[in-house]
file start.pdb (PDB, C-alpha atoms)
ATOM      1  CA  VAL A 392       0.000   0.000   0.000  1.00  0.00           C
ATOM      2  CA  GLU A 393       1.384   3.404  -0.912  1.00  0.00           C
ATOM      3  CA  ARG A 394      -0.141   6.587   0.420  1.00  0.00           C
ATOM      4  CA  ASN A 395       1.273  10.074   0.168  1.00  0.00           C
ATOM      5  CA  PHE A 396      -0.002  12.722   2.540  1.00  0.00           C
ATOM      6  CA  TYR A 397       0.126  16.395   1.651  1.00  0.00           C
ATOM      7  CA  SER A 398      -1.276  19.418   3.400  1.00  0.00           C
ATOM      8  CA  GLY A 399      -0.372  23.064   3.371  1.00  0.00           C
ATOM      9  CA  TRP A 400      -1.811  23.423   6.861  1.00  0.00           C
ATOM     10  CA  SER A 401       0.922  22.979   9.442  1.00  0.00           C
ATOM     11  CA  GLY A 402      -1.135  21.550  12.316  1.00  0.00           C
ATOM     12  CA  TRP A 403      -2.536  18.723  10.249  1.00  0.00           C
ATOM     13  CA  ALA A 404       0.835  17.026   9.815  1.00  0.00           C
ATOM     14  CA  GLY A 405       1.392  16.694  13.556  1.00  0.00           C
ATOM     15  CA  ARG A 406      -1.974  15.028  14.089  1.00  0.00           C
ATOM     16  CA  LEU A 407      -1.342  12.757  11.123  1.00  0.00           C
ATOM     17  CA  ALA A 408       1.940  11.569  12.623  1.00  0.00           C
ATOM     18  CA  VAL A 409       0.090  10.290  15.691  1.00  0.00           C
ATOM     19  CA  SER A 410      -2.192   8.167  13.509  1.00  0.00           C
ATOM     20  CA  LEU A 411       0.722   6.663  11.530  1.00  0.00           C
ATOM     21  CA  ALA A 412       1.150   4.114  14.293  1.00  0.00           C
ATOM     22  CA  GLN A 413      -2.183   2.649  13.187  1.00  0.00           C
ATOM     23  CA  CYS A 414      -0.990   2.181   9.581  1.00  0.00           C
ATOM     24  CA  PRO A 415       1.742  -0.473   9.668  1.00  0.00           C
ATOM     25  CA  CYS A 416       1.334  -1.284   5.953  1.00  0.00           C
ATOM     26  CA  LEU A 417       2.385   2.152   4.714  1.00  0.00           C
ATOM     27  CA  THR A 418       5.261   2.131   2.247  1.00  0.00           C
ATOM     28  CA  SER A 419       5.449   5.877   1.545  1.00  0.00           C
ATOM     29  CA  VAL A 420       4.867   8.996   3.638  1.00  0.00           C
ATOM     30  CA  ASP A 421       5.189  12.474   2.157  1.00  0.00           C
ATOM     31  CA  LEU A 422       4.851  15.430   4.531  1.00  0.00           C
ATOM     32  CA  THR A 423       6.295  18.036   2.160  1.00  0.00           C
ATOM     33  CA  ASP A 424       5.466  21.661   2.967  1.00  0.00           C
ATOM     34  CA  ASN A 425       4.102  20.895   6.413  1.00  0.00           C
ATOM     35  CA  VAL A 426       5.680  22.972   9.149  1.00  0.00           C
ATOM     36  CA  LEU A 427       6.563  20.166  11.548  1.00  0.00           C
ATOM     37  CA  LEU A 428       9.315  21.961  13.458  1.00  0.00           C
ATOM     38  CA  PRO A 429      11.296  19.931  16.043  1.00  0.00           C
ATOM     39  CA  ASP A 430       8.194  19.135  18.108  1.00  0.00           C
ATOM     40  CA  GLY A 431       6.394  17.662  15.109  1.00  0.00           C
ATOM     41  CA  ALA A 432       9.512  15.656  14.309  1.00  0.00           C
ATOM     42  CA  SER A 433       9.336  14.202  17.830  1.00  0.00           C
ATOM     43  CA  VAL A 434       5.752  13.083  17.303  1.00  0.00           C
ATOM     44  CA  LEU A 435       6.670  11.606  13.936  1.00  0.00           C
ATOM     45  CA  ALA A 436       9.691   9.820  15.436  1.00  0.00           C
ATOM     46  CA  ALA A 437       7.459   8.169  18.032  1.00  0.00           C
ATOM     47  CA  SER A 438       5.169   6.851  15.282  1.00  0.00           C
ATOM     48  CA  LEU A 439       7.727   5.702  12.704  1.00  0.00           C
ATOM     49  CA  PRO A 440       8.812   2.449  14.414  1.00  0.00           C
ATOM     50  CA  SER A 441       5.278   1.153  13.747  1.00  0.00           C
ATOM     51  CA  CYS A 442       5.838   1.653  10.016  1.00  0.00           C
ATOM     52  CA  ALA A 443       8.448  -1.049   9.455  1.00  0.00           C
ATOM     53  CA  ARG A 444       7.400  -1.470   5.798  1.00  0.00           C
ATOM     54  CA  LEU A 445       8.152   2.148   4.975  1.00  0.00           C
ATOM     55  CA  LYS A 446      10.315   2.489   1.862  1.00  0.00           C
ATOM     56  CA  ARG A 447      10.026   6.237   1.204  1.00  0.00           C
ATOM     57  CA  LEU A 448       9.950   9.140   3.660  1.00  0.00           C
ATOM     58  CA  VAL A 449       9.713  12.722   2.375  1.00  0.00           C
ATOM     59  CA  LEU A 450      10.174  15.608   4.815  1.00  0.00           C
ATOM     60  CA  ASN A 451      11.036  18.451   2.438  1.00  0.00           C
ATOM     61  CA  HIS A 452      10.281  22.024   3.563  1.00  0.00           C
ATOM     62  CA  THR A 453       9.272  20.918   7.072  1.00  0.00           C
ATOM     63  CA  ARG A 454      11.573  23.173   9.146  1.00  0.00           C
ATOM     64  CA  ILE A 455      12.550  20.325  11.451  1.00  0.00           C
ATOM     65  CA  GLY A 456      16.066  21.717  11.873  1.00  0.00           C
ATOM     66  CA  SER A 457      18.978  19.934  13.494  1.00  0.00           C
ATOM     67  CA  LEU A 458      16.991  19.259  16.669  1.00  0.00           C
ATOM     68  CA  GLY A 459      14.216  17.592  14.666  1.00  0.00           C
ATOM     69  CA  VAL A 460      16.738  15.445  12.808  1.00  0.00           C
ATOM     70  CA  GLU A 461      18.236  14.395  16.129  1.00  0.00           C
ATOM     71  CA  ARG A 462      14.797  13.286  17.296  1.00  0.00           C
ATOM     72  CA  LEU A 463      14.106  11.410  14.046  1.00  0.00           C
ATOM     73  CA  SER A 464      17.476   9.690  13.837  1.00  0.00           C
ATOM     74  CA  SER A 465      16.750   7.002  16.395  1.00  0.00           C
ATOM     75  CA  ALA A 466      13.469   6.148  14.645  1.00  0.00           C
ATOM     76  CA  LEU A 467      15.221   5.600  11.306  1.00  0.00           C
ATOM     77  CA  ALA A 468      16.964   2.549  12.733  1.00  0.00           C
ATOM     78  CA  HIS A 469      13.503   0.935  12.985  1.00  0.00           C
ATOM     79  CA  LEU A 470      12.889   1.287   9.239  1.00  0.00           C
ATOM     80  CA  PRO A 471      14.799  -1.649   7.747  1.00  0.00           C
ATOM     81  CA  ARG A 472      13.133  -1.285   4.322  1.00  0.00           C
ATOM     82  CA  LEU A 473      13.767   2.451   3.908  1.00  0.00           C
ATOM     83  CA  GLN A 474      15.172   3.089   0.423  1.00  0.00           C
ATOM     84  CA  ASP A 475      14.467   6.760  -0.254  1.00  0.00           C
ATOM     85  CA  LEU A 476      14.802   9.607   2.273  1.00  0.00           C
ATOM     86  CA  HIS A 477      14.125  13.253   1.418  1.00  0.00           C
ATOM     87  CA  ILE A 478      14.973  15.958   3.966  1.00  0.00           C
ATOM     88  CA  SER A 479      15.562  18.903   1.628  1.00  0.00           C
ATOM     89  CA  TYR A 480      15.073  22.528   2.668  1.00  0.00           C
ATOM     90  CA  ALA A 481      14.450  21.471   6.255  1.00  0.00           C
ATOM     91  CA  ARG A 482      17.085  23.713   7.882  1.00  0.00           C
ATOM     92  CA  ILE A 483      19.228  20.879   9.237  1.00  0.00           C
ATOM     93  CA  GLY A 484      22.708  22.318   8.537  1.00  0.00           C
ATOM     94  CA  ASP A 485      25.995  20.620   9.347  1.00  0.00           C
ATOM     95  CA  GLN A 486      24.939  19.757  12.885  1.00  0.00           C
ATOM     96  CA  GLY A 487      21.791  17.976  11.714  1.00  0.00           C
ATOM     97  CA  LEU A 488      23.694  16.102   9.032  1.00  0.00           C
ATOM     98  CA  ALA A 489      26.191  14.873  11.614  1.00  0.00           C
ATOM     99  CA  MET A 490      23.298  13.459  13.677  1.00  0.00           C
ATOM    100  CA  LEU A 491      21.645  11.966  10.610  1.00  0.00           C
ATOM    101  CA  SER A 492      24.875  10.328   9.485  1.00  0.00           C
ATOM    102  CA  SER A 493      24.894   7.404  11.901  1.00  0.00           C
ATOM    103  CA  ALA A 494      21.157   6.857  11.426  1.00  0.00           C
ATOM    104  CA  VAL A 495      21.349   6.476   7.655  1.00  0.00           C
ATOM    105  CA  HIS A 496      24.202   3.998   8.001  1.00  0.00           C
ATOM    106  CA  ALA A 497      21.763   1.853  10.008  1.00  0.00           C
ATOM    107  CA  CYS A 498      19.391   1.668   7.007  1.00  0.00           C
ATOM    108  CA  PRO A 499      20.858  -1.139   4.878  1.00  0.00           C
ATOM    109  CA  LEU A 500      18.598  -0.594   1.838  1.00  0.00           C
ATOM    110  CA  LEU A 501      18.866   3.199   1.686  1.00  0.00           C
ATOM    111  CA  ALA A 502      19.763   4.032  -1.908  1.00  0.00           C
ATOM    112  CA  SER A 503      18.698   7.674  -2.174  1.00  0.00           C
ATOM    113  CA  LEU A 504      19.223  10.557   0.259  1.00  0.00           C
ATOM    114  CA  HIS A 505      18.069  14.058  -0.709  1.00  0.00           C
ATOM    115  CA  LEU A 506      19.446  16.960   1.338  1.00  0.00           C
ATOM    116  CA  ALA A 507      19.317  19.981  -0.994  1.00  0.00           C
ATOM    117  CA  GLY A 508      18.977  23.471   0.466  1.00  0.00           C
ATOM    118  CA  ASN A 509      20.099  22.684   4.013  1.00  0.00           C
ATOM    119  CA  ASN A 510      23.193  24.920   4.213  1.00  0.00           C
ATOM    120  CA  ILE A 511      25.498  21.936   4.471  1.00  0.00           C
ATOM    121  CA  SER A 512      29.171  22.749   4.037  1.00  0.00           C
ATOM    122  CA  SER A 513      31.780  20.450   2.526  1.00  0.00           C
ATOM    123  CA  GLU A 514      32.994  19.734   6.063  1.00  0.00           C
ATOM    124  CA  GLY A 515      29.461  18.752   7.039  1.00  0.00           C
ATOM    125  CA  ALA A 516      29.211  16.457   4.049  1.00  0.00           C
ATOM    126  CA  TRP A 517      32.307  14.620   5.239  1.00  0.00           C
ATOM    127  CA  SER A 518      30.407  13.563   8.369  1.00  0.00           C
ATOM    128  CA  LEU A 519      28.091  11.597   6.130  1.00  0.00           C
ATOM    129  CA  ALA A 520      30.963   9.951   4.286  1.00  0.00           C
ATOM    130  CA  ALA A 521      32.719   8.894   7.510  1.00  0.00           C
TER     131      ALA A 521
END
call {"tool": "encode", "arguments": {"input": "start.pdb", "output": "structure tokens"}}
result
Amino acid sequence: VERNFYSGWSGWAGRLAVSLAQCPCLTSVDLTDNVLLPDGASVLAASLPSCARLKRLVLNHTRIGSLGVERLSSALAHLPRLQDLHISYARIGDQGLAMLSSAVHACPLLASLHLAGNNISSEGAWSLAA
């Protein structure tokens, strides 16, 4: 089952994340353009372990920042089928990428990582390569 969720209304995404725990068959979640912020990322992180079949997670333009990435990182380890992760224009910076680095290495099937527009320096990119 593949479902993509989209809403321009910021509060909707947070409430949706709570209900993700009741949808273990989801293979794709797209929360693009929802203002999750770090608190919304925390709610999402609590729900993601229930979505073990998830193959695609899109969090572009969500403003989760480095703190939100930190909160999501532990949940990514519970997504063994994750193949495609989009966290573009989410304000994560070098610090967020450093936190994300160990989490993506725990996703054995991850083939695509999108991080455009996050003010990541070349030094920050090296944290991902390490």
call {"tool": "resolve_selection", "arguments": {"input": "start.pdb", "expression": "the PyMOL selection byres ((chain A and resi 503) around 12)", "output": "PyMOL selection string"}}
result
chain A and resi 446-449+473-478+495+498-502+504-506
call {"tool": "write_last_selection", "arguments": {"input": "start.pdb", "atoms": "C-alpha atoms", "output": "PDB file, in the coordinates of the input"}}
result
ATOM      1  CA  LYS A 446      10.315   2.489   1.862  1.00  0.00           C
ATOM      2  CA  ARG A 447      10.026   6.237   1.204  1.00  0.00           C
ATOM      3  CA  LEU A 448       9.950   9.140   3.660  1.00  0.00           C
ATOM      4  CA  VAL A 449       9.713  12.722   2.375  1.00  0.00           C
ATOM      5  CA  LEU A 473      13.767   2.451   3.908  1.00  0.00           C
ATOM      6  CA  GLN A 474      15.172   3.089   0.423  1.00  0.00           C
ATOM      7  CA  ASP A 475      14.467   6.760  -0.254  1.00  0.00           C
ATOM      8  CA  LEU A 476      14.802   9.607   2.273  1.00  0.00           C
ATOM      9  CA  HIS A 477      14.125  13.253   1.418  1.00  0.00           C
ATOM     10  CA  ILE A 478      14.973  15.958   3.966  1.00  0.00           C
ATOM     11  CA  VAL A 495      21.349   6.476   7.655  1.00  0.00           C
ATOM     12  CA  CYS A 498      19.391   1.668   7.007  1.00  0.00           C
ATOM     13  CA  PRO A 499      20.858  -1.139   4.878  1.00  0.00           C
ATOM     14  CA  LEU A 500      18.598  -0.594   1.838  1.00  0.00           C
ATOM     15  CA  LEU A 501      18.866   3.199   1.686  1.00  0.00           C
ATOM     16  CA  ALA A 502      19.763   4.032  -1.908  1.00  0.00           C
ATOM     17  CA  LEU A 504      19.223  10.557   0.259  1.00  0.00           C
ATOM     18  CA  HIS A 505      18.069  14.058  -0.709  1.00  0.00           C
ATOM     19  CA  LEU A 506      19.446  16.960   1.338  1.00  0.00           C
TER      20      LEU A 506
END
call {"tool": "atom_distance", "arguments": {"input": "start.pdb", "atom1": "CA of Ser479 (chain A)", "atom2": "CA of Thr453 (chain A)"}}
result
8.6 Å
call {"tool": "closest_residue", "arguments": {"input": "start.pdb", "among": "A:Leu470, A:Ala516, A:Ala507, A:Leu458", "to": "Gly431 (chain A)", "atoms": "all atoms listed in the file"}}
result
A:Leu458
call {"tool": "residues_around", "arguments": {"input": "start.pdb", "residues": "Arg444 (chain A)", "least_positions_apart": "5", "cutoff": "8 Å", "atoms": "only C-alpha atoms", "output": "list in words"}}
result
Pro415, Cys416, Leu417, Thr418, Leu470, Pro471, Arg472 and Leu473 of chain A
call {"tool": "write_last_selection", "arguments": {"input": "start.pdb", "atoms": "C-alpha atoms", "output": "JSON list (two decimals), keeping the file's coordinate frame"}}
result
[["chain", "number", "residue", "atom", "x", "y", "z"],
["A", 415, "PRO", "CA", 1.74, -0.47, 9.67],
["A", 416, "CYS", "CA", 1.33, -1.28, 5.95],
["A", 417, "LEU", "CA", 2.38, 2.15, 4.71],
["A", 418, "THR", "CA", 5.26, 2.13, 2.25],
["A", 470, "LEU", "CA", 12.89, 1.29, 9.24],
["A", 471, "PRO", "CA", 14.80, -1.65, 7.75],
["A", 472, "ARG", "CA", 13.13, -1.28, 4.32],
["A", 473, "LEU", "CA", 13.77, 2.45, 3.91]]
call {"tool": "closest_residue", "arguments": {"input": "start.pdb", "among": "A:Ser441, A:Asn451, A:Ser513, A:Ser464", "to": "Ala497 (chain A)", "atoms": "all atoms listed in the file"}}
result
A:Ser464
call {"tool": "atom_distance", "arguments": {"input": "start.pdb", "atom1": "CA of Arg462 (chain A)", "atom2": "CA of Val434 (chain A)"}}
result
9.0 Å
call {"tool": "resolve_selection", "arguments": {"input": "start.pdb", "expression": "the PyMOL selection byres ((chain A and resi 424) around 7)", "output": "ChimeraX atom specification"}}
result
/A:399,422-423,425-426,451-453
call {"tool": "atom_distance", "arguments": {"input": "start.pdb", "atom1": "CA of Gly515 (chain A)", "atom2": "CA of Ser493 (chain A)"}}
result
13.2 Å
call {"tool": "closest_residue", "arguments": {"input": "start.pdb", "among": "A:Ser492, A:Gln486, A:Ser512, A:Ser438", "to": "Gly456 (chain A)", "atoms": "all atoms listed in the file"}}
result
A:Gln486
call {"tool": "resolve_selection", "arguments": {"input": "start.pdb", "expression": "the PyMOL selection byres ((chain A and resi 508) around 9)", "output": "PyMOL selection string"}}
result
chain A and resi 479-482+484+506-507+509-511
call {"tool": "write_last_selection", "arguments": {"input": "start.pdb", "atoms": "C-alpha atoms", "output": "PDB file, in the coordinates of the input"}}
result
ATOM      1  CA  SER A 479      15.562  18.903   1.628  1.00  0.00           C
ATOM      2  CA  TYR A 480      15.073  22.528   2.668  1.00  0.00           C
ATOM      3  CA  ALA A 481      14.450  21.471   6.255  1.00  0.00           C
ATOM      4  CA  ARG A 482      17.085  23.713   7.882  1.00  0.00           C
ATOM      5  CA  GLY A 484      22.708  22.318   8.537  1.00  0.00           C
ATOM      6  CA  LEU A 506      19.446  16.960   1.338  1.00  0.00           C
ATOM      7  CA  ALA A 507      19.317  19.981  -0.994  1.00  0.00           C
ATOM      8  CA  ASN A 509      20.099  22.684   4.013  1.00  0.00           C
ATOM      9  CA  ASN A 510      23.193  24.920   4.213  1.00  0.00           C
ATOM     10  CA  ILE A 511      25.498  21.936   4.471  1.00  0.00           C
TER      11      ILE A 511
END
